[in-house]
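> Next up, protein30.txt (compact mmCIF, C-alpha atoms and all ligand atoms).
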# COMPACT_ATOMS: atom_id res chain seq x y z
CA MET A 7 -29.69 22.49 9.95
CA SER A 8 -29.55 23.45 13.62
CA LEU A 9 -26.38 23.10 15.71
CA SER A 10 -27.69 19.88 17.22
CA THR A 11 -27.88 18.01 13.92
CA GLN A 12 -25.32 17.06 11.32
CA LYS A 13 -25.15 15.80 7.74
CA ALA A 14 -24.72 12.02 7.52
CA LEU A 15 -24.88 9.20 4.96
CA LEU A 16 -27.45 6.71 6.19
CA LEU A 17 -28.29 3.20 5.05
CA ARG A 18 -31.96 2.35 5.70
CA SER A 19 -31.80 -1.38 4.91
CA LYS A 20 -29.56 -4.06 3.40
CA GLY A 21 -28.66 -3.15 -0.20
CA ALA A 22 -30.40 0.26 -0.05
CA PRO A 23 -28.48 3.20 -1.52
CA PHE A 24 -26.69 5.66 0.74
CA GLU A 25 -28.96 8.57 1.68
CA LEU A 26 -27.55 11.99 2.54
CA THR A 27 -29.68 13.22 5.41
CA THR A 28 -29.32 14.60 8.94
CA ARG A 29 -28.99 12.98 12.36
CA PRO A 30 -28.20 14.20 15.88
CA ILE A 31 -24.70 15.23 16.90
CA PRO A 32 -23.69 12.97 19.81
CA SER A 33 -21.99 14.08 23.03
CA PRO A 34 -18.77 12.48 24.22
CA GLY A 35 -19.04 10.10 27.17
CA PRO A 36 -16.26 9.40 29.69
CA GLY A 37 -12.95 8.77 27.92
CA GLN A 38 -14.32 9.92 24.57
CA VAL A 39 -13.79 12.89 22.29
CA LEU A 40 -16.12 14.39 19.68
CA ILE A 41 -14.34 14.98 16.36
CA LYS A 42 -15.48 17.25 13.53
CA ASN A 43 -14.37 15.29 10.49
CA VAL A 44 -12.44 17.12 7.79
CA ALA A 45 -11.48 14.12 5.64
CA VAL A 46 -12.76 10.55 5.63
CA ALA A 47 -11.48 7.57 3.65
CA LEU A 48 -13.32 4.76 1.90
CA ASN A 49 -12.59 1.08 2.50
CA PRO A 50 -13.84 -2.15 0.90
CA VAL A 51 -15.81 -2.87 4.09
CA ASP A 52 -18.06 0.12 3.31
CA LYS A 53 -19.23 -1.75 0.26
CA TYR A 54 -19.82 -4.93 2.28
CA ILE A 55 -21.87 -2.92 4.79
CA GLN A 56 -24.00 -1.25 2.10
CA LYS A 57 -24.52 -4.26 -0.16
CA PHE A 58 -24.66 -7.16 2.30
CA GLY A 59 -25.40 -5.56 5.66
CA PHE A 60 -22.03 -6.80 6.96
CA ILE A 61 -21.74 -6.22 10.76
CA VAL A 62 -25.01 -4.25 10.79
CA ASP A 63 -26.77 -6.94 12.86
CA ALA A 64 -24.78 -5.73 15.86
CA TYR A 65 -25.95 -2.11 15.56
CA GLY A 66 -29.17 -2.16 13.53
CA TYR A 67 -30.63 0.10 10.83
CA PRO A 68 -30.40 2.89 9.93
CA ALA A 69 -26.72 2.07 9.65
CA LEU A 70 -23.65 4.15 8.95
CA ALA A 71 -20.36 3.15 7.32
CA GLY A 72 -16.91 4.77 7.32
CA SER A 73 -13.88 3.48 9.20
CA ASP A 74 -11.28 6.23 8.75
CA GLY A 75 -11.43 9.82 9.92
CA ALA A 76 -9.21 12.87 10.29
CA GLY A 77 -10.44 16.10 11.81
CA ASP A 78 -10.51 18.44 14.80
CA ILE A 79 -11.54 17.68 18.36
CA VAL A 80 -14.49 19.90 19.27
CA GLU A 81 -15.39 18.52 22.70
CA VAL A 82 -13.82 16.17 25.24
CA GLY A 83 -15.61 13.86 27.65
CA GLU A 84 -15.03 13.29 31.35
CA GLY A 85 -11.50 12.19 32.23
CA VAL A 86 -9.97 13.33 28.95
CA SER A 87 -9.07 16.94 29.67
CA GLY A 88 -5.36 17.62 29.68
CA ARG A 89 -4.49 14.82 27.25
CA TRP A 90 -6.55 16.27 24.41
CA VAL A 91 -8.19 19.68 24.01
CA ALA A 92 -10.64 21.22 21.57
CA GLY A 93 -8.79 22.24 18.43
CA ASP A 94 -6.35 19.29 18.36
CA LYS A 95 -6.00 17.77 14.89
CA VAL A 96 -6.33 13.99 15.07
CA LEU A 97 -6.71 10.82 13.01
CA TYR A 98 -8.61 7.79 14.22
CA GLN A 99 -10.24 4.50 13.33
CA SER A 100 -13.95 4.23 13.94
CA PHE A 101 -16.24 1.31 14.33
CA TRP A 102 -19.77 0.93 13.18
CA ALA A 103 -22.05 1.94 16.02
CA GLN A 104 -23.99 4.89 14.56
CA ASP A 105 -22.20 7.59 16.58
CA ARG A 106 -18.80 6.04 15.86
CA ALA A 107 -18.82 5.73 12.02
CA THR A 108 -17.11 8.40 9.90
CA PHE A 109 -19.48 9.03 6.97
CA GLN A 110 -20.94 12.01 8.84
CA GLU A 111 -19.72 15.38 10.09
CA TYR A 112 -19.15 14.50 13.75
CA THR A 113 -17.90 11.20 15.24
CA LEU A 114 -17.14 9.95 18.74
CA ALA A 115 -13.76 8.31 19.32
CA ASP A 116 -11.93 6.82 22.30
CA ALA A 117 -9.27 9.23 23.54
CA VAL A 118 -6.75 6.41 23.97
CA ARG A 119 -6.99 5.42 20.31
CA ILE A 120 -6.53 8.70 18.46
CA ALA A 121 -3.27 10.19 17.18
CA LYS A 122 -2.18 13.76 16.59
CA ILE A 123 -1.84 14.61 12.89
CA PRO A 124 1.78 15.74 12.47
CA GLU A 125 2.58 18.93 10.56
CA ASN A 126 3.90 17.01 7.54
CA LEU A 127 0.50 15.42 6.77
CA THR A 128 -2.70 16.93 5.37
CA TYR A 129 -6.06 15.83 6.75
CA GLU A 130 -6.61 13.89 3.52
CA GLN A 131 -3.33 12.00 3.90
CA ALA A 132 -3.98 11.36 7.58
CA ALA A 133 -7.37 9.81 6.77
CA THR A 134 -5.67 7.14 4.63
CA VAL A 135 -3.86 5.69 7.64
CA PRO A 136 -6.10 4.30 10.42
CA LEU A 137 -7.75 1.08 9.19
CA GLY A 138 -5.01 0.11 6.73
CA PHE A 139 -2.31 0.62 9.31
CA SER A 140 -4.16 -1.20 12.05
CA THR A 141 -4.92 -4.17 9.77
CA ALA A 142 -1.22 -4.50 8.99
CA ALA A 143 -0.18 -3.92 12.60
CA VAL A 144 -2.69 -6.36 14.12
CA GLY A 145 -1.78 -9.03 11.56
CA LEU A 146 1.94 -8.78 12.19
CA TYR A 147 2.26 -7.86 15.86
CA ALA A 148 -0.89 -8.69 17.85
CA PRO A 149 -0.39 -11.75 20.06
CA PHE A 150 -0.61 -14.99 18.11
CA ALA A 151 -4.13 -16.44 17.82
CA PRO A 152 -6.15 -17.84 14.91
CA ARG A 153 -8.14 -14.54 15.01
CA GLY A 154 -5.19 -12.48 16.26
CA GLY A 155 -1.80 -11.74 14.74
CA ALA A 156 1.55 -13.34 13.97
CA GLY A 157 2.88 -12.34 17.40
CA LEU A 158 6.05 -10.59 16.18
CA THR A 159 7.75 -7.94 18.31
CA PRO A 160 6.52 -4.56 17.02
CA PRO A 161 9.07 -1.98 15.87
CA TRP A 162 7.74 0.52 18.43
CA GLU A 163 8.77 -1.80 21.29
CA GLU A 164 12.28 -1.99 22.65
CA GLY A 165 14.37 -4.35 20.52
CA GLY A 166 11.69 -4.50 17.81
CA ARG A 167 13.34 -2.33 15.16
CA GLY A 168 15.40 -4.43 12.78
CA LYS A 169 14.80 -7.53 14.90
CA TYR A 170 14.05 -9.79 11.94
CA ALA A 171 17.05 -8.82 9.78
CA GLY A 172 17.92 -11.45 7.20
CA LYS A 173 14.49 -13.11 7.25
CA PRO A 174 12.43 -12.97 4.06
CA ALA A 175 8.76 -11.90 3.99
CA LEU A 176 6.13 -11.79 1.27
CA VAL A 177 3.23 -9.34 0.98
CA ILE A 178 0.52 -10.28 -1.50
CA GLY A 179 -1.01 -7.05 -2.83
CA GLY A 180 1.61 -4.44 -1.98
CA ALA A 181 -0.31 -1.68 -3.81
CA SER A 182 -3.40 -2.10 -1.67
CA SER A 183 -3.87 0.21 1.28
CA VAL A 184 -3.28 -2.59 3.77
CA GLY A 185 -0.37 -3.99 1.73
CA GLN A 186 1.35 -0.60 1.74
CA PHE A 187 1.35 -0.48 5.53
CA ALA A 188 2.44 -4.13 5.80
CA LEU A 189 5.45 -3.36 3.57
CA GLN A 190 6.40 -0.33 5.65
CA LEU A 191 6.11 -2.20 8.94
CA LEU A 192 8.09 -5.20 7.67
CA LYS A 193 10.83 -2.81 6.63
CA LEU A 194 10.93 -1.27 10.12
CA SER A 195 11.09 -4.81 11.53
CA GLY A 196 14.19 -5.48 9.43
CA PHE A 197 12.84 -8.23 7.15
CA SER A 198 14.86 -8.77 3.98
CA PRO A 199 14.19 -9.48 1.21
CA ILE A 200 10.64 -8.09 1.25
CA ILE A 201 8.86 -9.45 -1.79
CA THR A 202 5.50 -8.21 -3.02
CA THR A 203 2.96 -8.72 -5.81
CA ALA A 204 1.08 -5.94 -7.62
CA SER A 205 0.43 -4.61 -11.14
CA ALA A 206 3.53 -3.38 -12.99
CA HIS A 207 2.52 0.29 -12.82
CA ASN A 208 2.58 0.10 -9.01
CA ALA A 209 6.13 -1.29 -8.74
CA ASP A 210 7.67 2.01 -7.60
CA TYR A 211 4.84 2.64 -5.12
CA CYS A 212 5.62 -0.74 -3.52
CA LYS A 213 9.38 -0.19 -3.54
CA ILE A 214 9.05 3.20 -1.84
CA ALA A 215 7.00 1.49 0.87
CA GLY A 216 9.71 -1.09 1.49
CA ALA A 217 9.53 -3.88 -1.08
CA THR A 218 12.96 -5.00 -2.20
CA HIS A 219 11.60 -7.32 -4.89
CA PHE A 220 8.52 -6.99 -7.04
CA ILE A 221 6.43 -9.59 -8.88
CA ASP A 222 3.89 -8.44 -11.48
CA TYR A 223 1.07 -10.91 -10.79
CA HIS A 224 -0.35 -10.47 -14.30
CA ALA A 225 2.92 -11.48 -16.00
CA ARG A 226 3.82 -14.09 -13.34
CA PRO A 227 0.55 -15.68 -12.15
CA TYR A 228 0.14 -17.09 -8.66
CA ALA A 229 0.41 -20.63 -10.02
CA SER A 230 4.11 -19.91 -10.59
CA LEU A 231 4.69 -18.08 -7.28
CA ALA A 232 7.07 -20.74 -5.94
CA ALA A 233 9.29 -20.41 -9.01
CA SER A 234 9.23 -16.60 -8.81
CA ILE A 235 10.20 -16.64 -5.13
CA SER A 236 12.98 -19.19 -5.60
CA GLN A 237 14.69 -16.79 -8.01
CA ILE A 238 14.79 -14.20 -5.21
CA THR A 239 15.58 -16.21 -2.07
CA THR A 240 16.25 -19.76 -0.97
CA GLU A 241 15.80 -18.91 2.72
CA PRO A 242 12.68 -20.45 4.33
CA LEU A 243 9.72 -18.10 3.85
CA GLU A 244 8.18 -18.06 7.32
CA LEU A 245 6.02 -14.96 7.05
CA ILE A 246 3.43 -14.15 4.40
CA TYR A 247 0.92 -11.31 4.70
CA ASP A 248 -1.85 -11.81 2.15
CA ALA A 249 -3.55 -8.40 1.85
CA ILE A 250 -5.82 -9.75 -0.92
CA SER A 251 -6.82 -13.20 0.39
CA SER A 252 -8.62 -14.48 -2.68
CA PRO A 253 -8.84 -18.28 -2.93
CA GLU A 254 -6.00 -18.14 -5.50
CA THR A 255 -3.61 -16.00 -3.43
CA MET A 256 -4.37 -17.84 -0.23
CA VAL A 257 -3.68 -21.30 -1.62
CA ALA A 258 -0.53 -20.13 -3.42
CA SER A 259 0.70 -18.48 -0.21
CA TRP A 260 -0.03 -21.51 1.95
CA ASN A 261 1.77 -23.81 -0.47
CA ILE A 262 5.01 -21.81 -0.37
CA LEU A 263 4.92 -21.05 3.37
CA ALA A 264 7.87 -22.71 5.17
CA PRO A 265 7.26 -25.19 8.01
CA GLY A 266 6.58 -23.30 11.24
CA GLY A 267 5.66 -20.19 9.26
CA THR A 268 2.63 -17.89 9.58
CA LEU A 269 0.21 -16.79 6.85
CA GLY A 270 -1.97 -13.80 7.70
CA VAL A 271 -5.19 -13.36 5.69
CA VAL A 272 -7.49 -10.34 5.73
CA LEU A 273 -10.74 -12.04 4.72
CA GLN A 274 -12.54 -15.04 6.10
CA PRO A 275 -10.74 -18.00 4.52
CA SER A 276 -12.93 -18.97 1.58
CA VAL A 277 -11.04 -22.16 0.77
CA ALA A 278 -9.75 -24.85 3.05
CA VAL A 279 -5.98 -24.86 3.27
CA PRO A 280 -4.66 -28.39 3.37
CA GLY A 281 -4.36 -29.17 7.11
CA GLU A 282 -2.13 -27.03 9.28
CA SER A 283 0.85 -29.28 8.64
CA ASP A 284 4.50 -28.81 9.65
CA GLY A 285 3.45 -26.30 12.28
CA LYS A 286 2.21 -23.85 9.62
CA ARG A 287 -0.14 -21.31 11.17
CA LEU A 288 -3.05 -19.49 9.56
CA VAL A 289 -4.15 -16.19 11.11
CA TRP A 290 -7.41 -14.59 10.04
CA ILE A 291 -6.88 -10.92 10.85
CA PHE A 292 -9.78 -8.81 12.11
CA ALA A 293 -8.59 -5.28 12.78
CA VAL A 294 -11.38 -4.00 15.00
CA ILE A 295 -9.48 -2.12 17.71
CA ASN A 296 -12.28 -0.18 19.42
CA ASP A 297 -14.09 -3.27 20.60
CA GLY A 298 -13.12 -6.84 21.47
CA ASP A 299 -9.69 -8.42 21.73
CA HIS A 300 -7.44 -5.75 20.20
CA MET A 301 -8.41 -2.70 22.28
CA GLN A 302 -5.27 -2.77 24.41
CA PHE A 303 -3.04 -3.50 21.42
CA GLY A 304 -4.69 -0.60 19.57
CA ALA A 305 -4.16 1.78 22.50
CA GLU A 306 -0.50 0.77 22.56
CA PHE A 307 0.27 1.43 18.91
CA TYR A 308 -1.73 4.66 18.89
CA LYS A 309 0.83 6.03 21.38
CA HIS A 310 3.49 5.68 18.68
CA LEU A 311 1.60 6.36 15.46
CA SER A 312 1.99 10.12 15.32
CA GLY A 313 5.74 9.89 15.89
CA MET A 314 6.15 7.26 13.16
CA LEU A 315 4.21 9.48 10.72
CA GLU A 316 6.19 12.57 11.68
CA MET A 317 9.52 10.77 11.17
CA GLY A 318 8.39 9.41 7.80
CA ASP A 319 8.77 5.82 9.08
CA ILE A 320 5.14 5.36 8.09
CA LYS A 321 3.84 7.18 5.03
CA PRO A 322 0.21 7.67 4.07
CA ASN A 323 -1.34 6.09 0.98
CA ARG A 324 -1.62 7.96 -2.31
CA ILE A 325 -5.03 9.58 -2.57
CA GLU A 326 -7.80 10.34 -5.01
CA LEU A 327 -10.14 13.08 -3.82
CA LEU A 328 -13.84 12.50 -4.51
CA LYS A 329 -16.03 15.42 -5.57
CA GLY A 330 -18.91 16.64 -3.41
CA GLY A 331 -17.82 15.56 0.06
CA LEU A 332 -20.12 12.94 1.61
CA GLU A 333 -22.27 13.10 -1.53
CA GLY A 334 -19.34 11.72 -3.57
CA ILE A 335 -18.98 8.61 -1.41
CA PRO A 336 -21.67 6.39 -3.02
CA ASP A 337 -19.96 6.67 -6.40
CA GLY A 338 -16.60 5.95 -4.74
CA VAL A 339 -18.02 2.87 -3.05
CA GLU A 340 -19.28 1.63 -6.45
CA ARG A 341 -15.82 2.08 -8.00
CA MET A 342 -14.03 0.70 -4.95
CA LEU A 343 -13.14 -2.71 -6.32
CA SER A 344 -11.57 -1.35 -9.51
CA ILE A 345 -9.26 1.26 -8.03
CA SER A 346 -5.50 0.78 -8.25
CA GLY A 347 -2.90 2.08 -5.82
CA VAL A 348 -4.93 4.95 -4.33
CA LYS A 349 -7.18 5.55 -1.35
CA LEU A 350 -10.47 7.32 -2.06
CA ILE A 351 -11.01 10.36 0.18
CA ALA A 352 -13.95 12.71 0.76
CA ARG A 353 -13.62 16.23 2.23
CA VAL A 354 -16.60 16.42 4.56
CA ASP A 355 -16.85 20.23 4.38
CA GLU A 356 -17.44 19.98 0.61
CA THR A 357 -20.78 18.26 1.22
CA PRO A 358 -23.56 20.43 -0.30
N1 LIG B 401 -9.71 -8.20 8.18
C1 LIG B 401 -9.72 -6.90 8.38
O1 LIG B 401 -9.80 -6.41 9.50
C2 LIG B 401 -9.59 -5.99 7.19
C3 LIG B 401 -9.36 -4.63 7.36
C4 LIG B 401 -9.17 -3.83 6.24
C5 LIG B 401 -9.28 -4.40 4.98
N2 LIG B 401 -9.56 -5.73 4.87
C6 LIG B 401 -9.65 -6.35 3.55
O2 LIG B 401 -8.35 -6.29 2.97
C7 LIG B 401 -8.47 -6.23 1.56
C8 LIG B 401 -7.61 -5.07 1.09
O3 LIG B 401 -8.17 -3.85 1.57
P1 LIG B 401 -7.55 -2.49 1.07
O4 LIG B 401 -8.32 -1.38 1.66
O5 LIG B 401 -6.09 -2.54 1.26
O6 LIG B 401 -7.90 -2.59 -0.48
P2 LIG B 401 -7.56 -1.63 -1.69
O7 LIG B 401 -6.54 -0.61 -1.29
O8 LIG B 401 -8.83 -1.14 -2.25
O9 LIG B 401 -6.91 -2.67 -2.71
C9 LIG B 401 -6.80 -2.34 -4.06
C10 LIG B 401 -5.54 -3.00 -4.59
O10 LIG B 401 -5.66 -4.41 -4.56
C11 LIG B 401 -4.69 -4.91 -5.45
N3 LIG B 401 -5.03 -6.26 -5.91
C12 LIG B 401 -6.23 -6.71 -6.30
N4 LIG B 401 -6.12 -8.02 -6.66
C13 LIG B 401 -4.83 -8.38 -6.48
C14 LIG B 401 -4.09 -9.58 -6.65
N5 LIG B 401 -4.70 -10.71 -7.10
N6 LIG B 401 -2.78 -9.58 -6.34
C15 LIG B 401 -2.16 -8.45 -5.90
N7 LIG B 401 -2.79 -7.28 -5.72
C16 LIG B 401 -4.11 -7.25 -6.01
C17 LIG B 401 -4.68 -3.94 -6.61
O11 LIG B 401 -3.33 -3.81 -6.94
P3 LIG B 401 -2.88 -3.45 -8.46
O12 LIG B 401 -3.67 -2.23 -8.80
O13 LIG B 401 -1.42 -3.23 -8.32
O14 LIG B 401 -3.25 -4.63 -9.29
C18 LIG B 401 -5.28 -2.63 -6.03
O15 LIG B 401 -4.39 -1.58 -6.06
C19 LIG B 401 -9.96 -6.06 1.25
O16 LIG B 401 -10.51 -7.31 0.91
C20 LIG B 401 -10.53 -5.60 2.58
O17 LIG B 401 -11.88 -5.94 2.73
C21 LIG B 401 -9.71 -6.53 5.93
When written as structure tokens, how does the structure in this file appear?

Amino acid sequence: MSLSTQKALLLRSKGAPFELTTRPIPSPGPGQVLIKNVAVALNPVDKYIQKFGFIVDAYGYPALAGSDGAGDIVEVGEGVSGRWVAGDKVLYQSFWAQDRATFQEYTLADAVRIAKIPENLTYEQAATVPLGFSTAAVGLYAPFAPRGGAGLTPPWEEGGRGKYAGKPALVIGGASSVGQFALQLLKLSGFSPIITTASAHNADYCKIAGATHFIDYHARPYASLAASISQITTEPLELIYDAISSPETMVASWNILAPGGTLGVVLQPSVAVPGESDGKRLVWIFAVINDGDHMQFGAEFYKHLSGMLEMGDIKPNRIELLKGGLEGIPDGVERMLSISGVKLIARVDETP
């Protein structure tokens, strides 16, 4: 491999297996940085991209996946010098244009939406943060819109910390990557009680993240969610973040949502909720921050992310390290839907 090419995991067509091959190393344009990835994380969307060609129409084949990266800046584009320099350790969320995806050695990122990796985090831990955090943050704090967020005041803004003290919130799927960040952000926002659902063995993981009350969804199915919640609080439940968004969790959440409340879902609603009655609001979260509506919101929270990680206000997910660097990713993507309470990580420099 010459210095102008890099190892990358390509997808040649919809449903085709990942192929470890080489492609050119891009150069950063104005406002961009080139990052040499050390650790990258896997997300369910990688499976949707590989199996169903999700989002690929916009960028074409051969396609690349990978939304989360942590690594070192190796080159800065015009207008960036001073803010970031070669050698800075950063974490960032990608998007899926070929030069911007993370399942390769080098990725371009926008300088305004990268964060310094604080000393207390490894590259592997840092790579667990970007997409999960932004999905939680967009859903809770982006301006209200059916494809936006709940419009709450973020904890990084003046008056945001603790603002919602005494108000209950529910997170469906607190052991998921997104659910973990939703729990942590709700805690910073002051919500209480913070109730979550997960498997029993993940109860402590959820409580460390901020859950005050835990429901094992195997022992207490979603059909009995109203009864489970009523044993915890009788206050109106005006905020539910459904990090799973299956038909079952979505309907159960909508049914217990208080009048005027907001339900955030992370997948395209697959069932119709019965009319948006009593001022109930449904928000379908789409956490793309490097394109479209949330670019400014993303730039804003990226100013605060490193500090929140350094202070321990936001903690990374637990990790499972895949073997073989990029070569280990296809197996991880296959196992993706059966993992529990961990984020799958590949060390790019371990790629053969
Ligand atoms: N809209 C967007 O922009 C966006 C962005 C990122 C992710 N997403 C979507 O958000 C979802 C979560 O992503 P993720 O990366 O957080 O997933 P993940 O970490 O892979 O989620 C795995 C966890 O889901 C939990 N889970 C599964 N079924 C559950 C249920 N019925 N009730 C409660 N928990 C359940 C499991 O918890 P236990 O092991 O405790 O059972 C497991 O630990 C995915 O569908 C993903 O595609 C959307």
> Choose the residue, out of A:Ile178, A:Leu288, A:Ala148, A:Leu97, that has the smallest atom-to-atom separation from ligand LIG 401 (chain B); count all atoms listed in the file.
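Ranking A:Ile178, A:Leu288, A:Ala148, A:Leu97 by distance to ligand LIG 401 (chain B), first place goes to A:Ile178.
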> Within 6 Å of ligand LIG 401 (chain B) (counting all atoms listed in the file), which residues show up? I'd like them as a ChimeraX atom specification.
/A:49-51,137-138,141,178-179,181-185,203-205,208,249-250,272-273,291-293,345-347
> For A:Ala103, please output as number ranges by chain all residues within 6 Å (counting all atoms listed in the file; exclusion window: fewer than 2 positions along the same chain).
A: 65, 105-106
> Tell me, in Å to one decimal, how far atom CA of A:Val96 is from atom CA of A:Ala121.
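Calculated distance between atom CA of A:Val96 and atom CA of A:Ala121 is 5.3 Å.
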> Return the single residue from A:Ala47, A:Ala142, A:Ala69, A:Val39 that is closest to A:Lys20, with distances computed using all atoms listed in the file.
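Of the candidates, the smallest distance to A:Lys20 is held by A:Ala69.
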> For stretch 80-84 of chain A, please output as an mmCIF file with C-alpha atoms, in the coordinates of the input all residues within 6 Å (counting only C-alpha atoms; exclusion window: fewer than 5 positions along the same chain).

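So result-v4.cif came out as:
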data_model
loop_
_atom_site.group_PDB
_atom_site.id
_atom_site.type_symbol
_atom_site.label_atom_id
_atom_site.label_comp_id
_atom_site.auth_asym_id
_atom_site.auth_seq_id
_atom_site.Cartn_x
_atom_site.Cartn_y
_atom_site.Cartn_z
ATOM 1 C CA PRO A 34 -18.770 12.480 24.220
ATOM 2 C CA GLY A 35 -19.040 10.100 27.170
ATOM 3 C CA PRO A 36 -16.260 9.400 29.690
ATOM 4 C CA GLY A 37 -12.950 8.770 27.920
ATOM 5 C CA GLN A 38 -14.320 9.920 24.570
ATOM 6 C CA VAL A 39 -13.790 12.890 22.290
ATOM 7 C CA LEU A 40 -16.120 14.390 19.680
ATOM 8 C CA ILE A 41 -14.340 14.980 16.360
ATOM 9 C CA ALA A 92 -10.640 21.220 21.570
#
> At a cut-off of 12 Å, using all atoms listed in the file, what residues contact stretch 159-164 of chain A? Leave out same-chain residues fewer than 4 positions from it and give the result as a compact mmCIF listing (two decimals) with C-alpha atoms, in the frame of the given file.

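Heads up, here's the output in around-v1.txt:
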# COMPACT_ATOMS: atom_id res chain seq x y z
CA ALA A 142 -1.22 -4.50 8.99
CA ALA A 143 -0.18 -3.92 12.60
CA VAL A 144 -2.69 -6.36 14.12
CA GLY A 145 -1.78 -9.03 11.56
CA LEU A 146 1.94 -8.78 12.19
CA TYR A 147 2.26 -7.86 15.86
CA ALA A 148 -0.89 -8.69 17.85
CA PRO A 149 -0.39 -11.75 20.06
CA PHE A 150 -0.61 -14.99 18.11
CA GLY A 155 -1.80 -11.74 14.74
CA GLY A 168 15.40 -4.43 12.78
CA LYS A 169 14.80 -7.53 14.90
CA TYR A 170 14.05 -9.79 11.94
CA ALA A 188 2.44 -4.13 5.80
CA GLN A 190 6.40 -0.33 5.65
CA LEU A 191 6.11 -2.20 8.94
CA LEU A 192 8.09 -5.20 7.67
CA LYS A 193 10.83 -2.81 6.63
CA LEU A 194 10.93 -1.27 10.12
CA SER A 195 11.09 -4.81 11.53
CA GLY A 196 14.19 -5.48 9.43
CA PHE A 197 12.84 -8.23 7.15
CA PHE A 303 -3.04 -3.50 21.42
CA GLU A 306 -0.50 0.77 22.56
CA PHE A 307 0.27 1.43 18.91
CA TYR A 308 -1.73 4.66 18.89
CA LYS A 309 0.83 6.03 21.38
CA HIS A 310 3.49 5.68 18.68
CA LEU A 311 1.60 6.36 15.46
CA SER A 312 1.99 10.12 15.32
CA GLY A 313 5.74 9.89 15.89
CA MET A 314 6.15 7.26 13.16
CA ASP A 319 8.77 5.82 9.08
CA ILE A 320 5.14 5.36 8.09
> At what distance in Å, to one decimal, does atom CA of A:Gln274 lie from atom CA of A:Lys286?
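Separation of atom CA of A:Lys286 and atom CA of A:Gln274: 17.5 Å.
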> Considering only C-alpha atoms, return as JSON, numbers by chain whatever protein or nucleic-acid residues lie within 8 Å of A:Pro136, sequence-local ones (same chain, fewer than 5 positions apart) excluded.
{"A": [73, 74, 75, 97, 98, 99]}
> Using only C-alpha atoms, can you tell me which of A:Trp90, A:Phe220, A:Tyr54, A:Phe101 comes closest to A:Gly298?
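Ranking A:Trp90, A:Phe220, A:Tyr54, A:Phe101 by distance to A:Gly298, first place goes to A:Phe101.
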> Would you pick out the contacts of stretch 324-332 of chain A at 8 Å or less, using all atoms listed in the file, so that residues sharing its chain but fewer than 6 positions from it are not included, and give the list as a PyMOL selection string?
chain A and resi 14-15+26+109-110+130-131+134+338+347-358
